[in-house]
Amino acid sequence: MTPDKDAAAVLIAAETLSNAFDSQDLTAALDCFADDDELAYVGSEPGERAIGRLAVVALLRDLFGRPEAYSWRLIEPAVWTRGDVAGLCSEAVGRARSAAGSQEFAYRLTGSLERINDTWRWRICHGSEPTA
């Protein structure tokens with residue numbers, strides 16, 4: 001892939017993960033990550049830090065068991081690619097959706113991805129809510 005196509009594919013990987021979060025689909029979310037044990041997910045709240053596949057599965061299962069579903073829309077993405085490795089750093093608009101409605105909030109998404117079998121997969125994903 002060319003660098004522009006790689007950057008676009010990394011942004012698609014971020015959107016795919018957001019869609020999995022929005023649908024609270026654990027299998028779809030895990031498919032967005034590398035399929036070995038060398039991965040991490042870190043969220044905004046205390047205790048939302050998972051290193052390794054089993055820990056990421058447990059954390060995502062907990063998140064997806066909540067009454068609200070989360071998602072994000074990137075608004076200022078920066079993507080760097082070097083061969084089969086990529087980095088993403090972006091401001092975003094987060095959304096929490098529940099039966100009572102939805103609420104938007106400031107969000108940031110950063111991480112590293114690796115191209116595995118022509119698909120960009122997350123190695124490290126860090127979502128955070130910046131304070132005002």
# chains A, B, ... in the order shown; residues from 1 in each chain; ligands from 1

$ select_by_dssp --residues "chain A" --states "helix (DSSP H, G or I)" --output "number ranges by chain"
A: 3-23, 26-31, 53-64

$ residues_around --residues "A:Glu38" --least-positions-apart "6" --cutoff "9 Å" --atoms "only C-alpha atoms" --output "list in words"
Ile51, Gly52, Arg53, Arg123 and Ile124 of chain A

$ residues_around --residues "A:Val93" --least-positions-apart "6" --cutoff "12 Å" --atoms "only C-alpha atoms" --output "ChimeraX atom specification"
/A:18,70-77,103-109,127-130

$ atom_distance --atom1 "atom CA of A:Ala99" --atom2 "atom CA of A:Glu68"
7.7 Å

$ atom_distance --atom1 "atom CA of A:Glu45" --atom2 "atom CA of A:Trp122"
20.0 Å

$ residues_around --residues "A:Ala78" --least-positions-apart "6" --cutoff "10 Å" --atoms "only C-alpha atoms" --output "VMD selection string"
chain A and resid 7 11 87 to 91 110

$ write_last_selection --atoms "all heavy atoms" --output "compact mmCIF listing (two decimals), in the first residue's frame"
# COMPACT_ATOMS: atom_id res chain seq x y z
N ALA A 7 -2.55 5.26 5.59
CA ALA A 7 -3.16 6.17 6.56
C ALA A 7 -4.68 6.04 6.52
O ALA A 7 -5.33 6.01 7.57
CB ALA A 7 -2.73 7.61 6.28
N LEU A 11 -7.27 4.79 9.60
CA LEU A 11 -8.49 5.50 10.02
C LEU A 11 -9.71 4.58 9.94
O LEU A 11 -10.59 4.64 10.80
CB LEU A 11 -8.69 6.75 9.18
CG LEU A 11 -7.63 7.83 9.36
CD1 LEU A 11 -7.87 8.99 8.40
CD2 LEU A 11 -7.58 8.32 10.80
N GLY A 87 1.06 4.60 13.84
CA GLY A 87 0.64 5.29 15.05
C GLY A 87 -0.52 6.20 14.72
O GLY A 87 -0.61 6.75 13.62
N LEU A 88 -1.42 6.36 15.67
CA LEU A 88 -2.58 7.24 15.52
C LEU A 88 -2.69 8.09 16.77
O LEU A 88 -2.54 7.60 17.89
CB LEU A 88 -3.86 6.40 15.36
CG LEU A 88 -5.18 7.17 15.46
CD1 LEU A 88 -5.40 8.02 14.21
CD2 LEU A 88 -6.34 6.20 15.65
N CYS A 89 -2.96 9.38 16.57
CA CYS A 89 -3.20 10.31 17.66
C CYS A 89 -4.30 11.25 17.18
O CYS A 89 -4.12 11.93 16.17
CB CYS A 89 -1.92 11.06 17.98
SG CYS A 89 -2.11 12.28 19.30
N SER A 90 -5.43 11.30 17.89
CA SER A 90 -6.54 12.11 17.39
C SER A 90 -7.42 12.66 18.50
O SER A 90 -7.72 11.98 19.47
CB SER A 90 -7.42 11.27 16.46
OG SER A 90 -8.42 12.07 15.88
N GLU A 91 -7.82 13.90 18.31
CA GLU A 91 -8.94 14.44 19.07
C GLU A 91 -10.19 13.77 18.51
O GLU A 91 -10.20 13.32 17.35
CB GLU A 91 -9.03 15.95 18.90
CG GLU A 91 -7.83 16.71 19.44
CD GLU A 91 -7.68 16.60 20.94
OE1 GLU A 91 -8.70 16.58 21.66
OE2 GLU A 91 -6.53 16.52 21.40
N THR A 110 -5.57 7.33 20.89
CA THR A 110 -4.19 7.15 20.46
C THR A 110 -3.88 5.67 20.44
O THR A 110 -4.56 4.87 21.11
CB THR A 110 -3.18 7.86 21.39
OG1 THR A 110 -3.31 7.33 22.71
CG2 THR A 110 -3.40 9.35 21.43

$ select_by_dssp --residues "stretch 3-79 of chain A" --states "strand (DSSP E)" --output "number ranges by chain"
A: 40-42, 49-51, 69-79

$ closest_residue --among "A:Leu113, A:Leu54, A:Ala92, A:Val79" --to "A:Lys5" --atoms "only C-alpha atoms"
A:Val79

$ closest_residue --among "A:Thr81, A:Ala28, A:Ala132, A:Ser112" --to "A:Ala8" --atoms "only C-alpha atoms"
A:Thr81

$ decode --residues "stretch 47-60 of chain A" --atoms "all heavy atoms" --output "short mmCIF file (atom, residue, chain, number, x, y, z; two decimals), in the first residue's frame"
data_model
loop_
_atom_site.label_atom_id
_atom_site.label_comp_id
_atom_site.auth_asym_id
_atom_site.auth_seq_id
_atom_site.Cartn_x
_atom_site.Cartn_y
_atom_site.Cartn_z
N GLY A 47 -8.75 1.81 36.68
CA GLY A 47 -8.89 0.37 36.50
C GLY A 47 -9.05 -0.07 35.05
O GLY A 47 -9.01 -1.27 34.78
N GLU A 48 -9.22 0.86 34.14
CA GLU A 48 -9.37 0.48 32.73
C GLU A 48 -8.01 0.39 32.06
O GLU A 48 -7.63 1.19 31.22
CB GLU A 48 -10.27 1.48 31.99
CG GLU A 48 -11.72 1.38 32.37
CD GLU A 48 -12.60 2.31 31.56
OE1 GLU A 48 -12.10 3.18 30.82
OE2 GLU A 48 -13.83 2.16 31.68
N ARG A 49 -7.26 -0.62 32.46
CA ARG A 49 -5.94 -0.88 31.90
C ARG A 49 -5.80 -2.38 31.77
O ARG A 49 -5.87 -3.12 32.77
CB ARG A 49 -4.85 -0.33 32.81
CG ARG A 49 -3.45 -0.58 32.29
CD ARG A 49 -2.41 0.04 33.25
NE ARG A 49 -1.07 -0.18 32.77
CZ ARG A 49 -0.32 -1.24 33.08
NH1 ARG A 49 -0.81 -2.19 33.87
NH2 ARG A 49 0.90 -1.35 32.61
N ALA A 50 -5.64 -2.85 30.54
CA ALA A 50 -5.54 -4.28 30.29
C ALA A 50 -4.32 -4.55 29.41
O ALA A 50 -4.18 -3.97 28.34
CB ALA A 50 -6.80 -4.78 29.60
N ILE A 51 -3.48 -5.44 29.87
CA ILE A 51 -2.29 -5.84 29.13
C ILE A 51 -2.42 -7.33 28.85
O ILE A 51 -2.59 -8.13 29.78
CB ILE A 51 -1.00 -5.58 29.94
CG1 ILE A 51 -0.93 -4.13 30.43
CG2 ILE A 51 0.23 -5.97 29.12
CD1 ILE A 51 -0.87 -3.09 29.35
N GLY A 52 -2.36 -7.72 27.59
CA GLY A 52 -2.50 -9.13 27.20
C GLY A 52 -3.93 -9.44 26.79
O GLY A 52 -4.88 -8.78 27.19
N ARG A 53 -4.07 -10.45 25.94
CA ARG A 53 -5.37 -10.78 25.35
C ARG A 53 -6.43 -11.09 26.42
O ARG A 53 -7.54 -10.57 26.34
CB ARG A 53 -5.25 -11.97 24.40
CG ARG A 53 -6.62 -12.38 23.82
CD ARG A 53 -6.51 -13.14 22.53
NE ARG A 53 -5.98 -12.35 21.45
CZ ARG A 53 -6.68 -11.46 20.74
NH1 ARG A 53 -7.93 -11.25 21.00
NH2 ARG A 53 -6.11 -10.80 19.76
N LEU A 54 -6.15 -11.94 27.39
CA LEU A 54 -7.17 -12.30 28.38
C LEU A 54 -7.64 -11.08 29.16
O LEU A 54 -8.83 -10.93 29.45
CB LEU A 54 -6.65 -13.38 29.32
CG LEU A 54 -6.46 -14.76 28.69
CD1 LEU A 54 -5.89 -15.74 29.71
CD2 LEU A 54 -7.76 -15.29 28.10
N ALA A 55 -6.71 -10.19 29.50
CA ALA A 55 -7.09 -8.99 30.24
C ALA A 55 -7.91 -8.05 29.36
O ALA A 55 -8.88 -7.43 29.83
CB ALA A 55 -5.84 -8.27 30.75
N VAL A 56 -7.57 -7.93 28.08
CA VAL A 56 -8.35 -7.09 27.17
C VAL A 56 -9.74 -7.67 27.00
O VAL A 56 -10.74 -6.93 27.04
CB VAL A 56 -7.62 -6.92 25.81
CG1 VAL A 56 -8.53 -6.26 24.79
CG2 VAL A 56 -6.34 -6.13 25.99
N VAL A 57 -9.86 -8.97 26.85
CA VAL A 57 -11.18 -9.61 26.75
C VAL A 57 -12.01 -9.29 27.98
O VAL A 57 -13.18 -8.90 27.88
CB VAL A 57 -11.04 -11.15 26.56
CG1 VAL A 57 -12.39 -11.84 26.74
CG2 VAL A 57 -10.46 -11.47 25.20
N ALA A 58 -11.43 -9.43 29.16
CA ALA A 58 -12.17 -9.18 30.40
C ALA A 58 -12.61 -7.72 30.50
O ALA A 58 -13.76 -7.43 30.88
CB ALA A 58 -11.32 -9.57 31.61
N LEU A 59 -11.72 -6.80 30.16
CA LEU A 59 -12.06 -5.39 30.25
C LEU A 59 -13.15 -5.02 29.24
O LEU A 59 -14.13 -4.34 29.59
CB LEU A 59 -10.83 -4.52 30.02
CG LEU A 59 -11.07 -3.00 30.03
CD1 LEU A 59 -11.70 -2.55 31.34
CD2 LEU A 59 -9.78 -2.26 29.78
N LEU A 60 -13.03 -5.49 28.01
CA LEU A 60 -14.05 -5.17 27.01
C LEU A 60 -15.40 -5.83 27.36
O LEU A 60 -16.45 -5.23 27.17
CB LEU A 60 -13.59 -5.60 25.61
CG LEU A 60 -12.41 -4.83 25.04
CD1 LEU A 60 -12.07 -5.33 23.64
CD2 LEU A 60 -12.67 -3.33 25.03
#
